[in-house]
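Undergrad: I have a structure I would like to understand better, so I am pasting it below and will then ask my questions one at a time.
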Amino acid sequence: MIHSLFLINASGDIFLEKHWKSAVSRSVCDYFFEAQERASEAENVPPVIPTPHHCLLSVYRHKIFFVAVIQSEVPPLFVIEFLHRVVDTFQDYFGVCSEVMIKDNVVVVYEVLEEMLDNGFPLATESNILKELIKPPTILRTVVNTITGSTNVGDQLPTGQLSVVPWRRTGVKYTNNEAYFDVIEEIDAIIDKSGSTITAEIQGVIDACVKLTGMPDLTLSFMNPRLLDDVSFHPCVRFKRWESERILSFIPPDGNFRLLSYHVSAQNLVAIPVYVKHNISFRDSSSLGRFEITVGPKQTMGKTIEGVMVTSQMPKGVLNMSLTPSQGTHIFDPVTKLLSWDVGKINPQKLPSLKGSMNLQAGTSKPDENPTINLQFKIQQLAISGLKVNRLDMYGEKYKPFKGIKYMTKAGKFQVRT
Amino acid sequence: QPQAIASDSCCAGGGDGENEDLKQMLESSKDSAKLDAMKRIVGMIAKGKNASELFPAVVKNVASKNIEIKKLVYVYLMRYAEEQQDLALLSISTFQRALKDPNQLIRASALRVLSSIRVPIIVPIMMLAIKEASSDLSPYVRKNAAHAIQKLYSLDPEQKEMLIEVIEKLLKDRSTLVAGSVVMAFEEVCPDRIDLIHKNYRKLCNLLVDVEEWGQVVIIHMLTRYARTQFVSPWKTVKEYNENNFYESDGEQKEKDRNVKKTYTMDPDHRLLLRNTKPLLQSRNAAVVMAVAQLYWHLAPKSEAGIVSKSLVRLLRSNREVQYIVLQNIATMSIQRKGMFEPYLKSFYVRSTDPTMIKTLKLEILTNLANEANISTLLREFQTYVKSQDKQFAAATIQAIGRCATNITEVTDTCLNGLVCLLSNRDETVVAESVVVIKKLLQTQPAHHGEIIKHMAKLLDNITVPVARASILWLIGEYCERVPKIAPDVLRKTAKSFTNEDDLVKLQILNLGAKLYLTNSKQTKLLTQYVLNLGKYDQSYDIRDRTRFIRQLIVPNEKSGALSKYAKKIFLAQKPAPLLESPFKDRDHFQLGTLSHTLNSRATGYLELSDWPDVAPDPAVRNVEVAESVSWKLKIFKFATYSLFIFNERNGSTVGHFHFTCRLN
């Protein structure tokens with residue numbers, strides 16, 4: 001299926017190659033470079049590029065292109081999903097996934113890639129299994145290895161491979177047993193000029209960090225499971241139990257993982273926690289434009305909005321902006337025309353605003369479109385959909401674990417048209 | 001198959017000095033030095049540097065006791081054994097010994113390397129090893145055997161028959177670990193041997209939920225193909241698939257349809273497949289969700305296929321690459337069955353931060369979903385897009401408006417007026433695209449648009465984009481009788497600028513001249529002849545050619561034969577209006593979710609979905625015989641005891657017991 005993999009950095013250097021069948025010459029990447037040149041930005045490079053004898057499927061993450069070479073029919077999502085899994089694994093192993101990190105750990109990277117695919121078909125992609133086969137590098141382990149001569153490579157088949165719970169390693173031991181769950185919701189919205197909502201949706205995830213000894217069996221129930229319109233599970237969740245009782249029952253993997261992603265149906269009204277008042281105007285005759293925005297809280301359920309960040313792509317004709325913020329800092333990049341304003345917290349008594357004028361290129365006509373405003377924000381201790389965890393229970397082990405649940409609401413793709 | 005060998009050998013591993021150094025380290029008696037050397041060599045391979053000359057030194061370490069050294073030697077062998085076949089043979093005996101090791105991981109990795117080194121001489125050894133591994137007690141080793149089948153097949157296709165035997169055996173395997181891999185081998189080696197699937201069909205359906213994600217994708221695709229050969233169509237109105245009945249008379253056809261309606265009941269095995277794949281729509285893996293979606297699209301009754309929409313829309317939250325593929329598939333689906341995605345219309349609204357390719361795909365889908373009820377909302381949304389700073393996208397929006405206008409007659413005039421307004425836009429690409437679309441729209445309804453044509457004629461002075469200028473000229477020429485005063489004046493102006501025009505525009509000036517000459521020769525005779533003279537001495541072949549052709553056709557002389565009598569009919573014939581349709585139309589003759597569908601051309605190894613059979617083949621072939629199932633039970637018994645042990649360790653007894661008794665009954 002997957003013939004070879006090339007890793008290409010932003011400046012177009014192939015800095016790693018791996019072949020699972022006969023080696024494919026790296027000149028095949030020339031087709032990729034051509035496509036890259038045609039596309040103005042990295043994210044416009046098509047994910048599927050046909051060449052005379054192969055097909056190149058790529059994903060772009062952390063400023064690195066992961067380019068897989070395919071020779072025959074295969075579902076493209078299969079390859080793309082796998083490549084994303086590779087990136088996730090690297091991130092899991094090294095903390096960050098960057099060119100430097102990959103180059104520094106090239107042997108581990110190679111060993112991991114070797115285990116992940118056999119003859120181009122995925123063999124082991126669960127991080128719990130991989131980590132038993134090839135241990136992630138830590139400073140301590142490197143020191144120990146040099147002294148004792150032991151290796152990073154496991155010599156036994158990870159127990160997970162054969163069991164019915166392949167995602168969990170056996171023999172897990174902790175002195176402090178803890179399980180944390182983060183309910184994180186993101187609001188995707190498009191707000192039109194007049195402030196009314198064109199579309200708004202809530203997408204949520206429950207990310208878990210579970211450090212429990214042995215083979216714990218957890219159940220998690222909600223006060224209002226009906227809110228969840230569409231869900232996707234980590235393989236550990238027992239689907240039947242969810243279907244019949246709306247309870248999440250699972251034996252968790254060890255460590256960090258995403259338990260659940262969900263979608264709150266568009267039929268439910270979505271509370272929009274912020275509003276943006278804007279007055280952006282260009283005049284035909286003058287080379288000055290007016291710019292004024294104010295951000296304020298709307299439906300926040302009494303919580304503070306923090307981490308507010310406003311970004312906006314200004315039209316090409318804007319040469320410079322002279323703005324004064326009532327709080328926070330702002331930057332306008334005259335090359336990319338990107339305005340960003342780091343607002344911070346919103347104080348309802350004193351709403352943050354950014355006012356001033358724009359200098360337009362003389363002689364050009366006024367832009368057709370006012371810029372779109374992109375908003376980021378965070379609200380702690382609140383799931384905007386109203387989703388609430390009822391209880392979390394553990395079976396199968398005797399000790400009392402420490403349990404924690406945290407809620408957070410964030411802006412996803414939140415856009416205000418002006 | 002093109003086999004490229006090691007890339008840039010010119011910049012091979014930093015000179016001999018370093019390699020000497022590495023060789024010495026490999027000869028060293030200390031494991032740490034060897035390991036260091038191997039790590040550096042792997043680093044070279046990763047960078048694409050040629051390390052093949054170290055082969056003799058590396059291969060000696062294949063029997064190393066240190067597991068990490070051994071592993072890195074394996075990595076090296078898989079990369080270079082193909083180029084150094086003779087030396088590679090030195091390692092074979094080590095693998096043969098390892099194949100008998102009590103540790104299953106060592107057995108499995110020995111098989112992996114042995115089958116990956118692509119040395120034709122050892123084909124018989126590989127064959128033997130695969131056969132033995134296929135009855136290994138460890139399912140992990142059997143999984144590796146399934147992978148080895150494909151490797152051996154690509155090395156030596158003559159082994160096919162023997163390999164099919166192994167596949168047949170492994171298909172019967174009850175381990176979820178093996179299922180995906182062996183089906184993969186089946187798809188590569190003998191996808192036409194559908195008969196091997198019959199007896200395993202129900203088992204595969206039942207195992208599916210517990211198979212690992214990647215195996216699920218492969219099995220679902222295979223079962224889709226299988227089902228299309230074994231079951232009859234669940235679709236009541238099967239127009240698009242009725243082509244084979246083309247020659248039958250209508251009456252017969254209707255009768256047949258009625259018969260189908262009356263008698264259709266879904267084969268329980270067909271239902272089993274639909275039922276068991278449905279939960280996988282909740283998978284976190286986008287490829288699995290897509291695989292189930294395509295299965296429902298190709299196999300489910302039309303009333304049930306709708307359940308996949310929600311999951312596909314969920315995938316749109318994912319990375320840009322996933323979005324790209326999913327949107328393509330939705331585009332194809334939304335042409336045929338609008339209803340599936342209408343409730344999710346707003347999920348396809350474009351954000352200014354989307355990459356252009358995502359924007360245009362979303363636009364495509366929005367256009368497909370447009371109907372009388374939602375068109376006014378959509379057009380309002382399109383107005384925002386037209387103003388976008390991304391001009392390529394703005395142009396695509398104008399095309400989309402054009403398509404909506406032809407598909408929904410109620411809004412044709414509104415759209416046309418909107419497009420005319422865009423003609424005064426500042427951006428040239430927007431104006432040019434509008435002109436092109438207006439031209440197409442006017443062609444579909446030429447009735448009463450004299451005003452618009454006049455307006456466009458006025459614009460000609462300001463528009464510089466060749467395609468747009470050419471379109472306007474063509475329009476004026478085509479409908480010159482409706483604008484009798486303006487047309488000759490336009491010809492006058494363009495005759496002046498002829499020499500500075502683009503070729504495309506020149507051709508249309510010639511056309512305009514010819515058409516006017518035929519309808520209004522009194523006013524335009526001299527002008528046309530002037531233009532024809534300019535064309536005669538033009539630099540471009542095409543233009544000179546066309547000029548000569550037109551002159552012969554319209555200006556009667558003694559040589560011009562019968563043809564010039566018909567000149568008017570030839571030039572001013574009613575032209576068929578261009579069809580404005582989606583590029584995704586008819587793309588579903590490729591199985592959805594495949595590479596071929598994405599590329600819209602057959603990829604190598606693409607397996608065609610067959611049409612539904614008129615009469616279902618005997619469903620009894622899928623029955624597992626009683627005698628056999630008794631003997632199976634004995635085997636299951638063993639298997640179940642084994643798994644009970646695992647269950648106990650992980651979660652107490654409830655679930656384990658459930659499984660256990662369930663299997664026994």
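Labels for the structure tokens follow display order: chains A, B, ..., residues from 1 in each chain, ligands from 1.
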With DSSP run on the backbone, what are the strand (DSSP E) residues within range 121-240 of chain A? I'd like them as a ChimeraX atom specification.
TA: /A:121-122,178-191,197-211,217-222,228-233
Undergrad: At a cut-off of 12 Å, using only C-alpha atoms, what residues contact Ala573 in chain B? Leave out same-chain residues fewer than 6 positions from it and give the result as a PDB file with N, CA, C and O atoms, in the first residue's frame.
TA:
```pdb
ATOM      1  N   GLU B 478     -23.445  37.125 -32.590  1.00  0.00           N
ATOM      2  CA  GLU B 478     -24.495  36.116 -32.617  1.00  0.00           C
ATOM      3  C   GLU B 478     -25.877  36.773 -32.645  1.00  0.00           C
ATOM      4  O   GLU B 478     -26.784  36.331 -33.318  1.00  0.00           O
ATOM      5  N   TYR B 479     -26.026  37.833 -31.854  1.00  0.00           N
ATOM      6  CA  TYR B 479     -27.340  38.472 -31.774  1.00  0.00           C
ATOM      7  C   TYR B 479     -27.323  39.844 -32.447  1.00  0.00           C
ATOM      8  O   TYR B 479     -27.990  40.773 -32.005  1.00  0.00           O
ATOM      9  N   LYS B 515     -20.400  37.826 -39.673  1.00  0.00           N
ATOM     10  CA  LYS B 515     -21.831  37.763 -39.400  1.00  0.00           C
ATOM     11  C   LYS B 515     -22.520  39.055 -39.821  1.00  0.00           C
ATOM     12  O   LYS B 515     -23.635  39.040 -40.362  1.00  0.00           O
ATOM     13  N   TYR B 566     -24.837  28.991 -48.691  1.00  0.00           N
ATOM     14  CA  TYR B 566     -25.327  28.618 -47.368  1.00  0.00           C
ATOM     15  C   TYR B 566     -24.597  29.356 -46.250  1.00  0.00           C
ATOM     16  O   TYR B 566     -24.748  29.031 -45.076  1.00  0.00           O
ATOM     17  N   ALA B 567     -23.800  30.345 -46.636  1.00  0.00           N
ATOM     18  CA  ALA B 567     -22.955  31.010 -45.635  1.00  0.00           C
ATOM     19  C   ALA B 567     -23.760  31.492 -44.440  1.00  0.00           C
ATOM     20  O   ALA B 567     -23.363  31.302 -43.280  1.00  0.00           O
TER      21      ALA B 567
END
```
Undergrad: Near Ile191 in chain A, counting only C-alpha atoms, which residues have an atom at most 12 Å away, once you skip same-chain residues fewer than 5 positions from it, shown as a PyMOL selection string?
TA: (chain A and resi 196-201+272+274-277+372-375+413-418) or (chain B and resi 349+351+381)
Undergrad: Please report, as a PyMOL selection string, each residue of range 23-204 of chain A to which DSSP assigns helix (DSSP H, G or I) when run on this structure's backbone.
TA: chain A and resi 26-38+42-44+76-94+99-104+106-116+127-133+139-148+159-162
Undergrad: Give me the residues of chain A that have any atom at most 6 Å from an atom of chain B; for each, the nearest atom pair and the distance in Å, rounded to one decimal. Use only C-alpha atoms, sort by chain and number, and format it as JSON lines.
TA:
```
{"residue": "A:Phe15", "atom": "CA", "partner": "B:Lys47", "partner_atom": "CA", "distance": 5.8}
{"residue": "A:Leu16", "atom": "CA", "partner": "B:Ala46", "partner_atom": "CA", "distance": 5.0}
{"residue": "A:Glu17", "atom": "CA", "partner": "B:Ala46", "partner_atom": "CA", "distance": 5.2}
{"residue": "A:Ala23", "atom": "CA", "partner": "B:Ile5", "partner_atom": "CA", "distance": 6.0}
{"residue": "A:Val24", "atom": "CA", "partner": "B:Ala4", "partner_atom": "CA", "distance": 5.1}
{"residue": "A:Ser25", "atom": "CA", "partner": "B:Ser7", "partner_atom": "CA", "distance": 5.2}
{"residue": "A:Asn44", "atom": "CA", "partner": "B:Pro355", "partner_atom": "CA", "distance": 5.8}
{"residue": "A:Pro47", "atom": "CA", "partner": "B:Glu321", "partner_atom": "CA", "distance": 5.8}
{"residue": "A:Ser72", "atom": "CA", "partner": "B:Thr604", "partner_atom": "CA", "distance": 4.9}
{"residue": "A:Glu73", "atom": "CA", "partner": "B:Tyr606", "partner_atom": "CA", "distance": 5.2}
{"residue": "A:Val74", "atom": "CA", "partner": "B:Leu595", "partner_atom": "CA", "distance": 5.8}
{"residue": "A:Pro75", "atom": "CA", "partner": "B:Thr594", "partner_atom": "CA", "distance": 4.5}
{"residue": "A:Pro76", "atom": "CA", "partner": "B:Leu595", "partner_atom": "CA", "distance": 5.5}
{"residue": "A:Leu77", "atom": "CA", "partner": "B:Ala287", "partner_atom": "CA", "distance": 4.9}
{"residue": "A:Phe78", "atom": "CA", "partner": "B:Ala287", "partner_atom": "CA", "distance": 5.0}
{"residue": "A:Val153", "atom": "CA", "partner": "B:Glu68", "partner_atom": "CA", "distance": 5.7}
{"residue": "A:Gln156", "atom": "CA", "partner": "B:Leu105", "partner_atom": "CA", "distance": 6.0}
{"residue": "A:Leu157", "atom": "CA", "partner": "B:Leu105", "partner_atom": "CA", "distance": 5.0}
{"residue": "A:Met215", "atom": "CA", "partner": "B:Arg650", "partner_atom": "CA", "distance": 4.7}
{"residue": "A:Asp217", "atom": "CA", "partner": "B:Asn651", "partner_atom": "CA", "distance": 5.9}
{"residue": "A:Ser232", "atom": "CA", "partner": "B:Gln282", "partner_atom": "CA", "distance": 4.2}
{"residue": "A:Phe233", "atom": "CA", "partner": "B:Arg284", "partner_atom": "CA", "distance": 5.6}
{"residue": "A:Asp368", "atom": "CA", "partner": "B:Lys387", "partner_atom": "CA", "distance": 5.9}
{"residue": "A:Glu369", "atom": "CA", "partner": "B:Lys387", "partner_atom": "CA", "distance": 5.5}
{"residue": "A:Gly396", "atom": "CA", "partner": "B:Asn651", "partner_atom": "CA", "distance": 5.3}
```
Undergrad: Find the spatial neighbours of Glu245 in chain A, counting only C-alpha atoms, within a cut-off of 12 Å - ignore same-chain residues fewer than 5 positions away - and output them as an NGL selection string.
TA: :A and (219-222 or 225-226 or 238-240)
Undergrad: If you count only C-alpha atoms, which residues fall within 9 Å of Ala35 in chain A, apart from same-chain ones fewer than 4 positions away, as a ChimeraX atom specification?
TA: /A:30-31,39,45-46,49
Undergrad: Might you pull out every residue within 6 Å of range 341-351 of chain A, with only C-alpha atoms counted and same-chain residues fewer than 6 positions away left off, and present them as a list in words?
TA: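 Close residues of range 341-351 of chain A: Gly296, Ile305, Glu306, Gly307, Val308, Met309, Val310, Gly328, Thr329 and His330 of chain A.
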Undergrad: Keeping only N, CA, C and O atoms, write those residues as a PDB file, in the first residue's frame.
TA:
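After the write, part10.pdb holds the following:
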```
ATOM      1  N   GLY A 296     -17.126  42.491  23.396  1.00  0.00           N
ATOM      2  CA  GLY A 296     -17.849  42.441  24.660  1.00  0.00           C
ATOM      3  C   GLY A 296     -18.468  41.089  24.921  1.00  0.00           C
ATOM      4  O   GLY A 296     -18.644  40.294  23.997  1.00  0.00           O
ATOM      5  N   ILE A 305     -14.370  35.821  30.179  1.00  0.00           N
ATOM      6  CA  ILE A 305     -13.790  35.406  28.900  1.00  0.00           C
ATOM      7  C   ILE A 305     -12.335  35.813  28.904  1.00  0.00           C
ATOM      8  O   ILE A 305     -12.012  36.972  29.173  1.00  0.00           O
ATOM      9  N   GLU A 306     -11.457  34.866  28.645  1.00  0.00           N
ATOM     10  CA  GLU A 306     -10.033  35.201  28.672  1.00  0.00           C
ATOM     11  C   GLU A 306      -9.345  34.705  27.410  1.00  0.00           C
ATOM     12  O   GLU A 306      -9.964  34.056  26.567  1.00  0.00           O
ATOM     13  N   GLY A 307      -8.083  35.040  27.327  1.00  0.00           N
ATOM     14  CA  GLY A 307      -7.302  34.610  26.165  1.00  0.00           C
ATOM     15  C   GLY A 307      -7.877  35.107  24.859  1.00  0.00           C
ATOM     16  O   GLY A 307      -7.802  34.422  23.846  1.00  0.00           O
ATOM     17  N   VAL A 308      -8.474  36.300  24.878  1.00  0.00           N
ATOM     18  CA  VAL A 308      -9.099  36.799  23.653  1.00  0.00           C
ATOM     19  C   VAL A 308      -8.016  37.303  22.698  1.00  0.00           C
ATOM     20  O   VAL A 308      -7.084  37.996  23.093  1.00  0.00           O
ATOM     21  N   MET A 309      -8.170  36.902  21.473  1.00  0.00           N
ATOM     22  CA  MET A 309      -7.196  37.272  20.450  1.00  0.00           C
ATOM     23  C   MET A 309      -7.991  37.575  19.187  1.00  0.00           C
ATOM     24  O   MET A 309      -8.811  36.773  18.757  1.00  0.00           O
ATOM     25  N   VAL A 310      -7.746  38.734  18.607  1.00  0.00           N
ATOM     26  CA  VAL A 310      -8.461  39.124  17.391  1.00  0.00           C
ATOM     27  C   VAL A 310      -7.458  39.155  16.250  1.00  0.00           C
ATOM     28  O   VAL A 310      -6.399  39.769  16.379  1.00  0.00           O
ATOM     29  N   GLY A 328      -4.228  45.452  26.097  1.00  0.00           N
ATOM     30  CA  GLY A 328      -3.557  44.449  25.270  1.00  0.00           C
ATOM     31  C   GLY A 328      -2.582  45.074  24.286  1.00  0.00           C
ATOM     32  O   GLY A 328      -2.334  46.281  24.307  1.00  0.00           O
ATOM     33  N   THR A 329      -2.029  44.231  23.425  1.00  0.00           N
ATOM     34  CA  THR A 329      -1.062  44.713  22.445  1.00  0.00           C
ATOM     35  C   THR A 329      -1.523  44.319  21.050  1.00  0.00           C
ATOM     36  O   THR A 329      -2.206  43.314  20.881  1.00  0.00           O
ATOM     37  N   HIS A 330      -1.129  45.111  20.084  1.00  0.00           N
ATOM     38  CA  HIS A 330      -1.508  44.765  18.715  1.00  0.00           C
ATOM     39  C   HIS A 330      -0.325  44.907  17.781  1.00  0.00           C
ATOM     40  O   HIS A 330       0.613  45.676  18.041  1.00  0.00           O
TER      41      HIS A 330
END
```
Undergrad: Determine, counting only C-alpha atoms, which protein, DNA and RNA residues have an atom within 6 Å of an atom of Ile187 in chain A; residues of the same chain fewer than 6 positions away are not included. Present the result as a PyMOL selection string.
TA: chain A and resi 201-202+411-412
Undergrad: Write a file of the just-selected residues containing all heavy atoms, as a PDB file, in the first residue's frame.
TA:
```pdb
ATOM      1  N   GLU A 201     -22.069  26.066  15.504  1.00  0.00           N
ATOM      2  CA  GLU A 201     -22.078  24.668  15.912  1.00  0.00           C
ATOM      3  C   GLU A 201     -21.123  24.485  17.073  1.00  0.00           C
ATOM      4  O   GLU A 201     -20.163  25.240  17.209  1.00  0.00           O
ATOM      5  CB  GLU A 201     -21.572  23.778  14.776  1.00  0.00           C
ATOM      6  CG  GLU A 201     -22.534  23.593  13.655  1.00  0.00           C
ATOM      7  CD  GLU A 201     -21.913  22.767  12.537  1.00  0.00           C
ATOM      8  OE1 GLU A 201     -20.671  22.786  12.385  1.00  0.00           O
ATOM      9  OE2 GLU A 201     -22.655  22.106  11.838  1.00  0.00           O
ATOM     10  N   ILE A 202     -21.387  23.468  17.858  1.00  0.00           N
ATOM     11  CA  ILE A 202     -20.454  23.159  18.941  1.00  0.00           C
ATOM     12  C   ILE A 202     -19.851  21.789  18.671  1.00  0.00           C
ATOM     13  O   ILE A 202     -20.561  20.827  18.402  1.00  0.00           O
ATOM     14  CB  ILE A 202     -21.171  23.143  20.302  1.00  0.00           C
ATOM     15  CG1 ILE A 202     -21.777  24.516  20.585  1.00  0.00           C
ATOM     16  CG2 ILE A 202     -20.204  22.758  21.408  1.00  0.00           C
ATOM     17  CD1 ILE A 202     -22.645  24.541  21.809  1.00  0.00           C
ATOM     18  N   ALA A 411     -13.049  29.178  21.350  1.00  0.00           N
ATOM     19  CA  ALA A 411     -13.519  29.500  20.009  1.00  0.00           C
ATOM     20  C   ALA A 411     -12.864  28.525  19.058  1.00  0.00           C
ATOM     21  O   ALA A 411     -11.679  28.241  19.171  1.00  0.00           O
ATOM     22  CB  ALA A 411     -13.128  30.921  19.649  1.00  0.00           C
ATOM     23  N   GLY A 412     -13.638  27.972  18.145  1.00  0.00           N
ATOM     24  CA  GLY A 412     -13.065  27.134  17.098  1.00  0.00           C
ATOM     25  C   GLY A 412     -12.772  28.020  15.911  1.00  0.00           C
ATOM     26  O   GLY A 412     -11.918  28.898  15.962  1.00  0.00           O
TER      27      GLY A 412
END
```
